[in-house]
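Okay, start.csv is below, CSV, C-alpha atoms and all ligand atoms:
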chain,number,residue,atom,x,y,z
E,1,MET,CA,46.2,74.5,14.6
E,2,LYS,CA,42.7,74.1,16.1
E,3,THR,CA,42.2,72.8,19.6
E,4,VAL,CA,39.4,70.4,20.6
E,5,LEU,CA,38.4,69.8,24.2
E,6,MET,CA,36.2,66.7,24.4
E,7,SER,CA,34.7,64.2,26.9
E,8,GLY,CA,34.1,60.6,26.2
E,9,GLY,CA,37.2,60.1,24.0
E,10,SER,CA,38.1,56.8,25.6
E,11,SER,CA,35.5,54.6,24.0
E,12,GLY,CA,32.9,54.1,21.2
E,13,ILE,CA,31.7,57.2,19.4
E,14,GLY,CA,34.0,59.6,21.3
E,15,LYS,CA,37.1,57.4,20.4
E,16,ALA,CA,36.1,57.4,16.8
E,17,ILE,CA,35.6,61.2,16.8
E,18,LYS,CA,39.0,61.7,18.5
E,19,GLU,CA,40.7,59.6,15.8
E,20,ALA,CA,38.9,61.4,13.0
E,21,LEU,CA,39.9,64.8,14.4
E,22,ILE,CA,43.5,63.8,14.9
E,23,GLY,CA,43.5,62.6,11.2
E,24,GLU,CA,42.4,66.2,10.2
E,25,LYS,CA,45.3,67.7,12.3
E,26,TYR,CA,43.2,69.0,15.2
E,27,THR,CA,44.9,69.0,18.6
E,28,VAL,CA,42.6,67.0,20.8
E,29,PHE,CA,42.5,67.1,24.6
E,30,THR,CA,40.2,64.6,26.3
E,31,ILE,CA,38.5,64.6,29.7
E,32,GLY,CA,38.0,61.2,31.2
E,33,ARG,CA,38.2,59.0,34.2
E,34,ASN,CA,41.2,56.9,33.0
E,35,VAL,CA,42.9,57.4,29.7
E,36,ALA,CA,42.7,61.1,29.2
E,37,GLU,CA,44.8,64.3,29.0
E,38,ILE,CA,42.6,65.8,31.8
E,39,VAL,CA,41.8,63.0,34.2
E,40,CYS,CA,38.5,63.8,35.9
E,41,ASP,CA,35.2,62.0,36.7
E,42,LEU,CA,32.6,64.2,35.1
E,43,ARG,CA,30.4,63.7,38.2
E,44,ASP,CA,32.9,65.7,40.3
E,45,ALA,CA,31.8,69.2,39.4
E,46,GLU,CA,34.3,70.9,41.8
E,47,LYS,CA,37.3,69.0,40.3
E,48,LEU,CA,36.0,69.5,36.8
E,49,GLU,CA,35.8,73.3,37.4
E,50,SER,CA,39.3,73.5,38.9
E,51,GLU,CA,40.9,71.2,36.2
E,52,ILE,CA,39.3,73.1,33.3
E,53,LYS,CA,40.1,76.5,34.7
E,54,THR,CA,43.7,75.5,35.2
E,55,TRP,CA,43.9,74.1,31.6
E,56,LEU,CA,42.3,77.3,30.2
E,57,LYS,CA,45.2,79.4,31.6
E,58,THR,CA,47.4,77.9,28.9
E,59,HIS,CA,45.0,76.7,26.2
E,60,HIS,CA,42.1,78.0,24.1
E,61,VAL,CA,39.1,76.0,22.8
E,62,ASP,CA,38.1,76.0,19.1
E,63,VAL,CA,35.8,73.1,19.5
E,64,LEU,CA,34.1,71.7,22.6
E,65,ILE,CA,32.6,68.2,22.1
E,66,ASN,CA,30.4,66.8,24.8
E,67,CYS,CA,30.3,63.1,24.0
E,68,ALA,CA,30.5,61.2,27.4
E,69,GLY,CA,27.3,59.6,28.4
E,70,VAL,CA,25.6,56.7,30.2
E,71,GLY,CA,22.4,54.9,29.5
E,72,LEU,CA,19.9,52.9,31.6
E,73,PHE,CA,16.6,51.8,30.2
E,74,ASP,CA,14.5,50.2,33.0
E,75,PRO,CA,11.1,51.0,34.6
E,76,HIS,CA,11.5,54.3,36.2
E,77,GLU,CA,10.4,53.1,39.7
E,78,THR,CA,13.3,50.6,39.8
E,79,LEU,CA,16.1,53.2,39.4
E,80,SER,CA,18.0,54.1,42.5
E,81,ILE,CA,18.5,57.8,43.4
E,82,ALA,CA,22.2,57.3,42.9
E,83,LYS,CA,21.7,56.1,39.4
E,84,ILE,CA,19.4,59.0,38.6
E,85,LYS,CA,21.9,61.5,39.9
E,86,ASN,CA,24.7,59.7,38.1
E,87,MET,CA,23.0,60.0,34.7
E,88,ILE,CA,22.0,63.6,35.1
E,89,ASP,CA,25.5,64.6,36.2
E,90,VAL,CA,27.3,62.9,33.3
E,91,ASN,CA,24.8,63.5,30.5
E,92,LEU,CA,23.4,66.9,31.3
E,93,SER,CA,25.2,68.8,34.2
E,94,ALA,CA,28.8,68.2,32.9
E,95,PRO,CA,28.1,69.5,29.3
E,96,ILE,CA,26.3,72.6,30.7
E,97,ILE,CA,29.2,73.2,33.1
E,98,LEU,CA,31.9,72.6,30.4
E,99,SER,CA,30.0,75.0,28.1
E,100,ASN,CA,29.9,77.6,30.9
E,101,LEU,CA,33.6,77.3,31.6
E,102,CYS,CA,34.7,77.3,27.9
E,103,LEU,CA,32.4,79.9,26.5
E,104,ARG,CA,34.6,83.0,26.8
E,105,SER,CA,37.4,81.1,25.0
E,106,LEU,CA,34.9,79.8,22.4
E,107,GLN,CA,33.7,83.4,21.8
E,108,LYS,CA,37.2,84.6,21.3
E,109,GLN,CA,38.0,81.8,18.8
E,110,GLN,CA,34.5,82.0,17.1
E,111,GLY,CA,34.4,78.3,18.1
E,112,HIS,CA,31.9,75.4,18.0
E,113,ILE,CA,30.1,73.3,20.6
E,114,ILE,CA,29.0,69.9,19.5
E,115,ASN,CA,26.8,67.9,21.8
E,116,ILE,CA,26.3,64.2,21.2
E,117,THR,CA,22.7,63.7,22.3
E,118,SER,CA,20.6,60.8,21.1
E,119,ILE,CA,17.6,59.9,18.9
E,120,GLU,CA,15.8,59.7,22.3
E,121,ALA,CA,16.1,63.5,22.5
E,122,THR,CA,13.8,63.7,19.5
E,123,ARG,CA,11.0,61.2,20.6
E,124,HIS,CA,9.4,59.7,23.6
E,125,ALA,CA,10.0,56.0,24.2
E,126,LYS,CA,9.1,53.8,27.2
E,127,TYR,CA,11.7,52.9,29.8
E,128,SER,CA,13.7,55.9,28.6
E,129,ALA,CA,12.2,58.7,30.7
E,130,LEU,CA,15.4,59.6,32.6
E,131,TYR,CA,17.7,59.2,29.6
E,132,THR,CA,15.3,61.2,27.4
E,133,ALA,CA,15.2,63.9,30.1
E,134,THR,CA,19.0,64.2,30.0
E,135,LYS,CA,19.4,64.1,26.3
E,136,SER,CA,16.4,66.3,25.3
E,137,GLY,CA,17.6,68.7,28.0
E,138,LEU,CA,21.0,68.8,26.5
E,139,ARG,CA,19.6,69.2,23.0
E,140,ASP,CA,17.4,72.1,24.1
E,141,PHE,CA,20.2,73.7,26.1
E,142,GLY,CA,22.3,73.8,22.9
E,143,HIS,CA,19.5,75.2,20.8
E,144,SER,CA,18.8,78.0,23.3
E,145,LEU,CA,22.5,78.7,23.8
E,146,PHE,CA,23.0,79.1,20.1
E,147,GLU,CA,20.4,81.9,20.1
E,148,GLU,CA,22.5,83.6,22.8
E,149,VAL,CA,25.9,83.2,21.2
E,150,ARG,CA,25.4,83.2,17.5
E,151,LYS,CA,26.1,87.0,17.3
E,152,SER,CA,29.6,86.3,18.7
E,153,GLY,CA,30.3,83.8,16.0
E,154,VAL,CA,29.9,80.6,18.1
E,155,LYS,CA,28.2,77.6,16.6
E,156,VAL,CA,26.2,75.0,18.5
E,157,THR,CA,25.3,71.6,17.1
E,158,SER,CA,23.3,68.7,18.5
E,159,ILE,CA,24.0,65.4,16.9
E,160,ASN,CA,21.3,62.9,17.7
E,161,PRO,CA,22.4,59.4,16.8
E,162,ASP,CA,20.2,56.3,16.7
E,163,MET,CA,21.6,52.9,17.8
E,164,THR,CA,25.4,52.8,17.3
E,165,GLN,CA,27.5,49.7,17.7
E,166,THR,CA,29.6,50.6,20.8
E,167,PRO,CA,30.3,49.3,24.4
E,168,PHE,CA,27.3,51.5,25.5
E,169,PHE,CA,25.2,48.3,25.4
E,170,ASN,CA,27.6,46.1,27.5
E,171,ASN,CA,25.5,46.4,30.6
E,172,LEU,CA,22.1,46.8,29.0
E,173,HIS,CA,19.5,44.1,28.4
E,174,PHE,CA,19.3,44.8,24.7
E,175,ALA,CA,21.7,45.7,21.8
E,176,PRO,CA,21.6,46.5,18.1
E,177,SER,CA,21.3,43.4,16.0
E,178,ASP,CA,24.4,42.3,14.0
E,179,ASP,CA,22.7,43.1,10.7
E,180,ILE,CA,24.8,46.1,9.4
E,181,ASP,CA,21.6,47.9,8.2
E,182,THR,CA,20.2,48.0,11.8
E,183,HIS,CA,22.9,50.0,13.5
E,184,LEU,CA,25.3,52.9,12.9
E,185,LEU,CA,29.1,52.7,13.3
E,186,PRO,CA,31.0,55.1,15.5
E,187,GLU,CA,33.0,56.1,12.4
E,188,THR,CA,29.8,57.4,10.8
E,189,ILE,CA,29.1,59.7,13.7
E,190,ALA,CA,32.7,60.8,13.6
E,191,GLN,CA,32.4,61.6,9.9
E,192,SER,CA,29.3,63.7,10.7
E,193,VAL,CA,31.3,65.7,13.2
E,194,LEU,CA,33.9,66.5,10.5
E,195,ASP,CA,31.1,67.4,8.1
E,196,VAL,CA,29.4,69.7,10.6
E,197,LEU,CA,32.8,71.4,11.3
E,198,HIS,CA,33.5,71.9,7.6
E,199,ILE,CA,30.1,73.2,6.4
E,200,LYS,CA,29.6,77.0,5.9
E,201,GLY,CA,26.8,78.0,8.1
E,202,VAL,CA,25.6,76.2,11.2
E,203,VAL,CA,24.1,72.8,11.4
E,204,THR,CA,22.0,73.1,14.6
E,205,ASP,CA,20.5,69.7,14.6
E,206,LEU,CA,21.5,66.4,13.0
E,207,THR,CA,19.7,63.1,13.5
E,208,ILE,CA,21.3,60.0,12.1
E,209,ARG,CA,19.5,56.7,11.8
E,210,PRO,CA,20.2,53.3,10.4
E,211,GLN,CA,18.2,52.1,7.5
E,212,LYS,CA,16.3,49.4,9.3
E,213,VAL,CA,15.2,48.5,12.9
E,214,GLY,CA,16.7,45.5,14.6
E,215,ILE,CA,17.3,44.9,18.3
E,216,ILE,CA,18.4,41.8,20.1
E,217,LYS,CA,17.3,41.1,23.7
E,218,LYS,CA,19.9,39.6,25.9
E,301,LIG,N1,25.8,53.8,21.3
E,301,LIG,C1,24.6,54.3,20.9
E,301,LIG,O1,23.7,53.6,20.4
E,301,LIG,C2,24.3,55.8,21.2
E,301,LIG,C3,23.2,56.3,20.5
E,301,LIG,C4,22.8,57.7,20.7
E,301,LIG,C5,23.6,58.4,21.6
E,301,LIG,N2,24.7,57.9,22.2
E,301,LIG,C6,25.5,58.7,23.1
E,301,LIG,O2,26.8,58.8,22.5
E,301,LIG,C7,27.7,59.1,23.6
E,301,LIG,C8,28.9,58.1,23.5
E,301,LIG,O3,28.4,56.8,23.8
E,301,LIG,P1,29.1,55.5,23.3
E,301,LIG,O4,28.0,54.7,22.6
E,301,LIG,O5,30.3,55.8,22.6
E,301,LIG,O6,29.3,54.7,24.7
E,301,LIG,P2,30.6,54.2,25.4
E,301,LIG,O7,31.4,53.4,24.4
E,301,LIG,O8,30.1,53.5,26.6
E,301,LIG,O9,31.4,55.5,25.9
E,301,LIG,C9,30.9,56.3,26.9
E,301,LIG,C10,32.0,57.3,27.2
E,301,LIG,O10,31.5,58.1,28.3
E,301,LIG,C11,32.6,58.3,29.3
E,301,LIG,N3,32.0,58.4,30.6
E,301,LIG,C12,31.0,57.7,31.2
E,301,LIG,N4,30.8,58.1,32.5
E,301,LIG,C13,31.8,59.0,32.8
E,301,LIG,C14,32.2,59.8,33.9
E,301,LIG,N5,31.5,59.6,35.1
E,301,LIG,N6,33.2,60.6,33.8
E,301,LIG,C15,33.9,60.8,32.6
E,301,LIG,N7,33.6,60.1,31.5
E,301,LIG,C16,32.6,59.2,31.6
E,301,LIG,C17,33.3,57.0,29.2
E,301,LIG,O11,34.6,57.1,29.7
E,301,LIG,P3,35.3,56.1,30.7
E,301,LIG,O12,34.4,55.0,31.0
E,301,LIG,O13,36.6,55.7,30.0
E,301,LIG,O14,35.6,57.0,31.9
E,301,LIG,C18,33.3,56.7,27.7
E,301,LIG,O15,34.4,57.4,27.1
E,301,LIG,C19,26.9,59.0,24.9
E,301,LIG,O16,26.6,60.3,25.3
E,301,LIG,C20,25.7,58.3,24.5
E,301,LIG,O17,24.6,58.6,25.3
E,301,LIG,C21,25.0,56.6,22.0

Rewrite the structure of this file - the entire thing - as structure tokens.
Amino acid sequence: MKTVLMSGGSSGIGKAIKEALIGEKYTVFTIGRNVAEIVCDLRDAEKLESEIKTWLKTHHVDVLINCAGVGLFDPHETLSIAKIKNMIDVNLSAPIILSNLCLRSLQKQQGHIINITSIEATRHAKYSALYTATKSGLRDFGHSLFEEVRKSGVKVTSINPDMTQTPFFNNLHFAPSDDIDTHLLPETIAQSVLDVLHIKGVVTDLTIRPQKVGIIKK
């Protein structure tokens, strides 16, 4: 039985990934602020370290999925320092810390790290400088880490989704349009995780986009 440790399993893309993995008989442990096996705010690095180290005494990791993330797309000068730190902590620091803590177990298991980044990790859009910094940082972290750990059998994948219909947009001033061709579904990203896990060889980078562009302003 393969064990998955994942963040972001309570909502949207992460929730769909969790359900898909359970459907494939993986044992899934989530890290989250509320509904989770390991209750922890990812911004609290000290607690995260202690919770994961304790958990690792009795568990191994076959797959680490870094899915939790937050977005904010406003002119950079309007962002508070607290919001800047918040996004870097959740989107970039936490996945790097979790990879660090789990790597020995992943090496033993010949495991797999899957980072859910974003289309914004692959391009440069306005009002996205901070988000882009966190997501392209995570994508490049994964690519570099793969070069380090491939000899020990560990795989590292960056999945870079375009607009996906989830609560991610609840507090943003835009959202994908309702036209099904203009957004992805969380289940599509979950299917791509299963595909990446099944394939012989290593998918290092996977960008998934809807067929058309369509955004509504709120
Ligand atoms: N939706 C899109 O269009 C899209 C496109 C590209 C990439 N992505 C990325 O996909 C990932 C999932 O996003 P989503 O669309 O599924 O959004 P979502 O529905 O808002 O889910 C976000 C998840 O992150 C968790 N999270 C946020 N802050 C946290 C914290 N401080 N500590 C622990 N967990 C925290 C949330 O958990 P709780 O709130 O329950 O604690 C939730 O499970 C994110 O990394 C996002 O950047 C999304």

Selection as a PDB file with C-alpha atoms, keeping the file's coordinate frame: residues within 7 Å of ligand LIG 301 (chain E) by only C-alpha atoms and all ligand atoms:
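Everything below was put into pocket-v2.pdb:
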ATOM      1  CA  SER E   7      34.700  64.200  26.900  1.00  0.00           C
ATOM      2  CA  GLY E   8      34.100  60.600  26.200  1.00  0.00           C
ATOM      3  CA  GLY E   9      37.200  60.100  24.000  1.00  0.00           C
ATOM      4  CA  SER E  10      38.100  56.800  25.600  1.00  0.00           C
ATOM      5  CA  SER E  11      35.500  54.600  24.000  1.00  0.00           C
ATOM      6  CA  GLY E  12      32.900  54.100  21.200  1.00  0.00           C
ATOM      7  CA  ILE E  13      31.700  57.200  19.400  1.00  0.00           C
ATOM      8  CA  GLY E  14      34.000  59.600  21.300  1.00  0.00           C
ATOM      9  CA  ILE E  31      38.500  64.600  29.700  1.00  0.00           C
ATOM     10  CA  GLY E  32      38.000  61.200  31.200  1.00  0.00           C
ATOM     11  CA  ARG E  33      38.200  59.000  34.200  1.00  0.00           C
ATOM     12  CA  ASN E  34      41.200  56.900  33.000  1.00  0.00           C
ATOM     13  CA  VAL E  35      42.900  57.400  29.700  1.00  0.00           C
ATOM     14  CA  CYS E  40      38.500  63.800  35.900  1.00  0.00           C
ATOM     15  CA  ASP E  41      35.200  62.000  36.700  1.00  0.00           C
ATOM     16  CA  LEU E  42      32.600  64.200  35.100  1.00  0.00           C
ATOM     17  CA  ARG E  43      30.400  63.700  38.200  1.00  0.00           C
ATOM     18  CA  CYS E  67      30.300  63.100  24.000  1.00  0.00           C
ATOM     19  CA  ALA E  68      30.500  61.200  27.400  1.00  0.00           C
ATOM     20  CA  GLY E  69      27.300  59.600  28.400  1.00  0.00           C
ATOM     21  CA  VAL E  70      25.600  56.700  30.200  1.00  0.00           C
ATOM     22  CA  GLY E  71      22.400  54.900  29.500  1.00  0.00           C
ATOM     23  CA  VAL E  90      27.300  62.900  33.300  1.00  0.00           C
ATOM     24  CA  ASN E  91      24.800  63.500  30.500  1.00  0.00           C
ATOM     25  CA  ILE E 116      26.300  64.200  21.200  1.00  0.00           C
ATOM     26  CA  THR E 117      22.700  63.700  22.300  1.00  0.00           C
ATOM     27  CA  SER E 118      20.600  60.800  21.100  1.00  0.00           C
ATOM     28  CA  ILE E 119      17.600  59.900  18.900  1.00  0.00           C
ATOM     29  CA  ASN E 160      21.300  62.900  17.700  1.00  0.00           C
ATOM     30  CA  PRO E 161      22.400  59.400  16.800  1.00  0.00           C
ATOM     31  CA  ASP E 162      20.200  56.300  16.700  1.00  0.00           C
ATOM     32  CA  MET E 163      21.600  52.900  17.800  1.00  0.00           C
ATOM     33  CA  THR E 164      25.400  52.800  17.300  1.00  0.00           C
ATOM     34  CA  GLN E 165      27.500  49.700  17.700  1.00  0.00           C
ATOM     35  CA  THR E 166      29.600  50.600  20.800  1.00  0.00           C
ATOM     36  CA  PRO E 167      30.300  49.300  24.400  1.00  0.00           C
ATOM     37  CA  PHE E 168      27.300  51.500  25.500  1.00  0.00           C
ATOM     38  CA  PHE E 169      25.200  48.300  25.400  1.00  0.00           C
TER      39      PHE E 169
END

Given only C-alpha atoms as the counted atoms, nearest of E:Glu24, E:Val39, E:Asp178, E:Leu5 to Leu103 in chain E: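 Of the candidates, the smallest distance to Leu103 in chain E is held by E:Leu5.
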
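The spacing separating CA of Leu130 in chain E from CA of Ile216 in chain E amounts to 22.0 Å.
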
Atom-to-atom span, CA of Asn66 in chain E and CA of Met6 in chain E, Å: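 These atoms are spaced 5.8 Å apart.
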
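Atom pair CA of Arg139 in chain E / CA of Thr54 in chain E has a distance of 27.7 Å (rounded to one decimal).
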
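Nearest to Lys200 in chain E of all the residues E:Lys155, E:Glu51, E:Leu172, E:Asp181 is E:Lys155, counting all atoms listed in the file.
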
Which residue of E:Val154, E:Ile97, E:Cys102, E:Ile114 approaches Ala190 in chain E most closely, using all atoms listed in the file: E:Ile114

Spatial neighbours of Ser136 in chain E, 8 Å, only C-alpha atoms, chain gap at least 2 places, as a list in words: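 After dropping sequence-adjacent residues, the list is Thr117, Glu120, Ala121, Thr122, Thr132, Ala133, Thr134, Leu138, Arg139 and Asp140 of chain E.
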
Produce a file of the selected residues containing C-alpha atoms, as a CSV table (one decimal), in the coordinates of the input.
chain,number,residue,atom,x,y,z
E,117,THR,CA,22.7,63.7,22.3
E,120,GLU,CA,15.8,59.7,22.3
E,121,ALA,CA,16.1,63.5,22.5
E,122,THR,CA,13.8,63.7,19.5
E,132,THR,CA,15.3,61.2,27.4
E,133,ALA,CA,15.2,63.9,30.1
E,134,THR,CA,19.0,64.2,30.0
E,138,LEU,CA,21.0,68.8,26.5
E,139,ARG,CA,19.6,69.2,23.0
E,140,ASP,CA,17.4,72.1,24.1

E:Leu98, E:Leu92, E:Ile81, E:Ile65 ranked by distance to Leu48 in chain E, top pick (using all atoms listed in the file):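 Closest candidate: E:Leu98.
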
All residues 12 Å or closer to Gly153 in chain E, only C-alpha atoms, same chain fewer than 2 positions away omitted, as a list in words: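 Returned residues: Asp62, Leu103, Arg104, Ser105, Leu106, Gln107, Lys108, Gln109, Gln110, Gly111, His112, Ile113, Phe146, Glu147, Glu148, Val149, Arg150, Lys151, Lys155, Val156, Gly201 and Val202 of chain E.
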
Missing atoms in range 76-104 of chain E need filling: write out N, CA and C atoms for it as a PDB file, in the coordinates of the input.
ATOM      1  N   HIS E  76      10.995  53.205  35.481  1.00  0.00           N
ATOM      2  CA  HIS E  76      11.500  54.300  36.200  1.00  0.00           C
ATOM      3  C   HIS E  76      11.531  54.077  37.753  1.00  0.00           C
ATOM      4  N   GLU E  77      10.510  53.341  38.250  1.00  0.00           N
ATOM      5  CA  GLU E  77      10.400  53.100  39.700  1.00  0.00           C
ATOM      6  C   GLU E  77      11.537  52.212  40.227  1.00  0.00           C
ATOM      7  N   THR E  78      12.234  51.513  39.323  1.00  0.00           N
ATOM      8  CA  THR E  78      13.300  50.600  39.800  1.00  0.00           C
ATOM      9  C   THR E  78      14.654  51.278  39.878  1.00  0.00           C
ATOM     10  N   LEU E  79      14.752  52.516  39.412  1.00  0.00           N
ATOM     11  CA  LEU E  79      16.100  53.200  39.400  1.00  0.00           C
ATOM     12  C   LEU E  79      16.366  53.743  40.810  1.00  0.00           C
ATOM     13  N   SER E  80      17.600  53.556  41.253  1.00  0.00           N
ATOM     14  CA  SER E  80      18.000  54.100  42.500  1.00  0.00           C
ATOM     15  C   SER E  80      18.252  55.639  42.344  1.00  0.00           C
ATOM     16  N   ILE E  81      18.186  56.379  43.441  1.00  0.00           N
ATOM     17  CA  ILE E  81      18.500  57.800  43.400  1.00  0.00           C
ATOM     18  C   ILE E  81      19.895  58.046  42.884  1.00  0.00           C
ATOM     19  N   ALA E  82      20.812  57.180  43.332  1.00  0.00           N
ATOM     20  CA  ALA E  82      22.200  57.300  42.900  1.00  0.00           C
ATOM     21  C   ALA E  82      22.343  57.210  41.404  1.00  0.00           C
ATOM     22  N   LYS E  83      21.605  56.259  40.817  1.00  0.00           N
ATOM     23  CA  LYS E  83      21.700  56.100  39.400  1.00  0.00           C
ATOM     24  C   LYS E  83      21.067  57.267  38.624  1.00  0.00           C
ATOM     25  N   ILE E  84      19.997  57.812  39.191  1.00  0.00           N
ATOM     26  CA  ILE E  84      19.400  59.000  38.600  1.00  0.00           C
ATOM     27  C   ILE E  84      20.341  60.160  38.584  1.00  0.00           C
ATOM     28  N   LYS E  85      20.959  60.380  39.748  1.00  0.00           N
ATOM     29  CA  LYS E  85      21.900  61.500  39.900  1.00  0.00           C
ATOM     30  C   LYS E  85      23.099  61.306  38.939  1.00  0.00           C
ATOM     31  N   ASN E  86      23.584  60.082  38.903  1.00  0.00           N
ATOM     32  CA  ASN E  86      24.700  59.700  38.100  1.00  0.00           C
ATOM     33  C   ASN E  86      24.474  60.119  36.605  1.00  0.00           C
ATOM     34  N   MET E  87      23.311  59.725  36.108  1.00  0.00           N
ATOM     35  CA  MET E  87      23.000  60.000  34.700  1.00  0.00           C
ATOM     36  C   MET E  87      22.847  61.485  34.420  1.00  0.00           C
ATOM     37  N   ILE E  88      22.174  62.166  35.322  1.00  0.00           N
ATOM     38  CA  ILE E  88      22.000  63.600  35.100  1.00  0.00           C
ATOM     39  C   ILE E  88      23.332  64.327  35.178  1.00  0.00           C
ATOM     40  N   ASP E  89      24.189  63.924  36.111  1.00  0.00           N
ATOM     41  CA  ASP E  89      25.500  64.600  36.200  1.00  0.00           C
ATOM     42  C   ASP E  89      26.343  64.397  34.978  1.00  0.00           C
ATOM     43  N   VAL E  90      26.399  63.160  34.470  1.00  0.00           N
ATOM     44  CA  VAL E  90      27.300  62.900  33.300  1.00  0.00           C
ATOM     45  C   VAL E  90      26.662  63.433  32.020  1.00  0.00           C
ATOM     46  N   ASN E  91      25.380  63.154  31.802  1.00  0.00           N
ATOM     47  CA  ASN E  91      24.800  63.500  30.500  1.00  0.00           C
ATOM     48  C   ASN E  91      24.342  64.910  30.342  1.00  0.00           C
ATOM     49  N   LEU E  92      24.008  65.564  31.462  1.00  0.00           N
ATOM     50  CA  LEU E  92      23.400  66.900  31.300  1.00  0.00           C
ATOM     51  C   LEU E  92      24.230  67.978  32.089  1.00  0.00           C
ATOM     52  N   SER E  93      24.511  67.734  33.378  1.00  0.00           N
ATOM     53  CA  SER E  93      25.200  68.800  34.200  1.00  0.00           C
ATOM     54  C   SER E  93      26.591  69.055  33.601  1.00  0.00           C
ATOM     55  N   ALA E  94      27.362  67.993  33.347  1.00  0.00           N
ATOM     56  CA  ALA E  94      28.800  68.200  32.900  1.00  0.00           C
ATOM     57  C   ALA E  94      28.839  68.976  31.592  1.00  0.00           C
ATOM     58  N   PRO E  95      28.032  68.664  30.554  1.00  0.00           N
ATOM     59  CA  PRO E  95      28.100  69.500  29.300  1.00  0.00           C
ATOM     60  C   PRO E  95      27.712  70.938  29.573  1.00  0.00           C
ATOM     61  N   ILE E  96      26.745  71.166  30.453  1.00  0.00           N
ATOM     62  CA  ILE E  96      26.300  72.600  30.700  1.00  0.00           C
ATOM     63  C   ILE E  96      27.472  73.280  31.457  1.00  0.00           C
ATOM     64  N   ILE E  97      28.120  72.601  32.393  1.00  0.00           N
ATOM     65  CA  ILE E  97      29.200  73.200  33.100  1.00  0.00           C
ATOM     66  C   ILE E  97      30.417  73.462  32.177  1.00  0.00           C
ATOM     67  N   LEU E  98      30.738  72.481  31.340  1.00  0.00           N
ATOM     68  CA  LEU E  98      31.900  72.600  30.400  1.00  0.00           C
ATOM     69  C   LEU E  98      31.601  73.790  29.434  1.00  0.00           C
ATOM     70  N   SER E  99      30.364  73.919  28.974  1.00  0.00           N
ATOM     71  CA  SER E  99      30.000  75.000  28.100  1.00  0.00           C
ATOM     72  C   SER E  99      30.218  76.357  28.803  1.00  0.00           C
ATOM     73  N   ASN E 100      29.780  76.400  30.038  1.00  0.00           N
ATOM     74  CA  ASN E 100      29.900  77.600  30.900  1.00  0.00           C
ATOM     75  C   ASN E 100      31.405  77.991  31.001  1.00  0.00           C
ATOM     76  N   LEU E 101      32.229  77.014  31.324  1.00  0.00           N
ATOM     77  CA  LEU E 101      33.600  77.300  31.600  1.00  0.00           C
ATOM     78  C   LEU E 101      34.387  77.689  30.299  1.00  0.00           C
ATOM     79  N   CYS E 102      33.982  77.119  29.169  1.00  0.00           N
ATOM     80  CA  CYS E 102      34.700  77.300  27.900  1.00  0.00           C
ATOM     81  C   CYS E 102      34.180  78.450  27.058  1.00  0.00           C
ATOM     82  N   LEU E 103      33.053  79.009  27.423  1.00  0.00           N
ATOM     83  CA  LEU E 103      32.400  79.900  26.500  1.00  0.00           C
ATOM     84  C   LEU E 103      33.160  81.167  26.145  1.00  0.00           C
ATOM     85  N   ARG E 104      33.855  81.750  27.112  1.00  0.00           N
ATOM     86  CA  ARG E 104      34.600  83.000  26.800  1.00  0.00           C
ATOM     87  C   ARG E 104      35.711  82.639  25.748  1.00  0.00           C
TER      88      ARG E 104
END
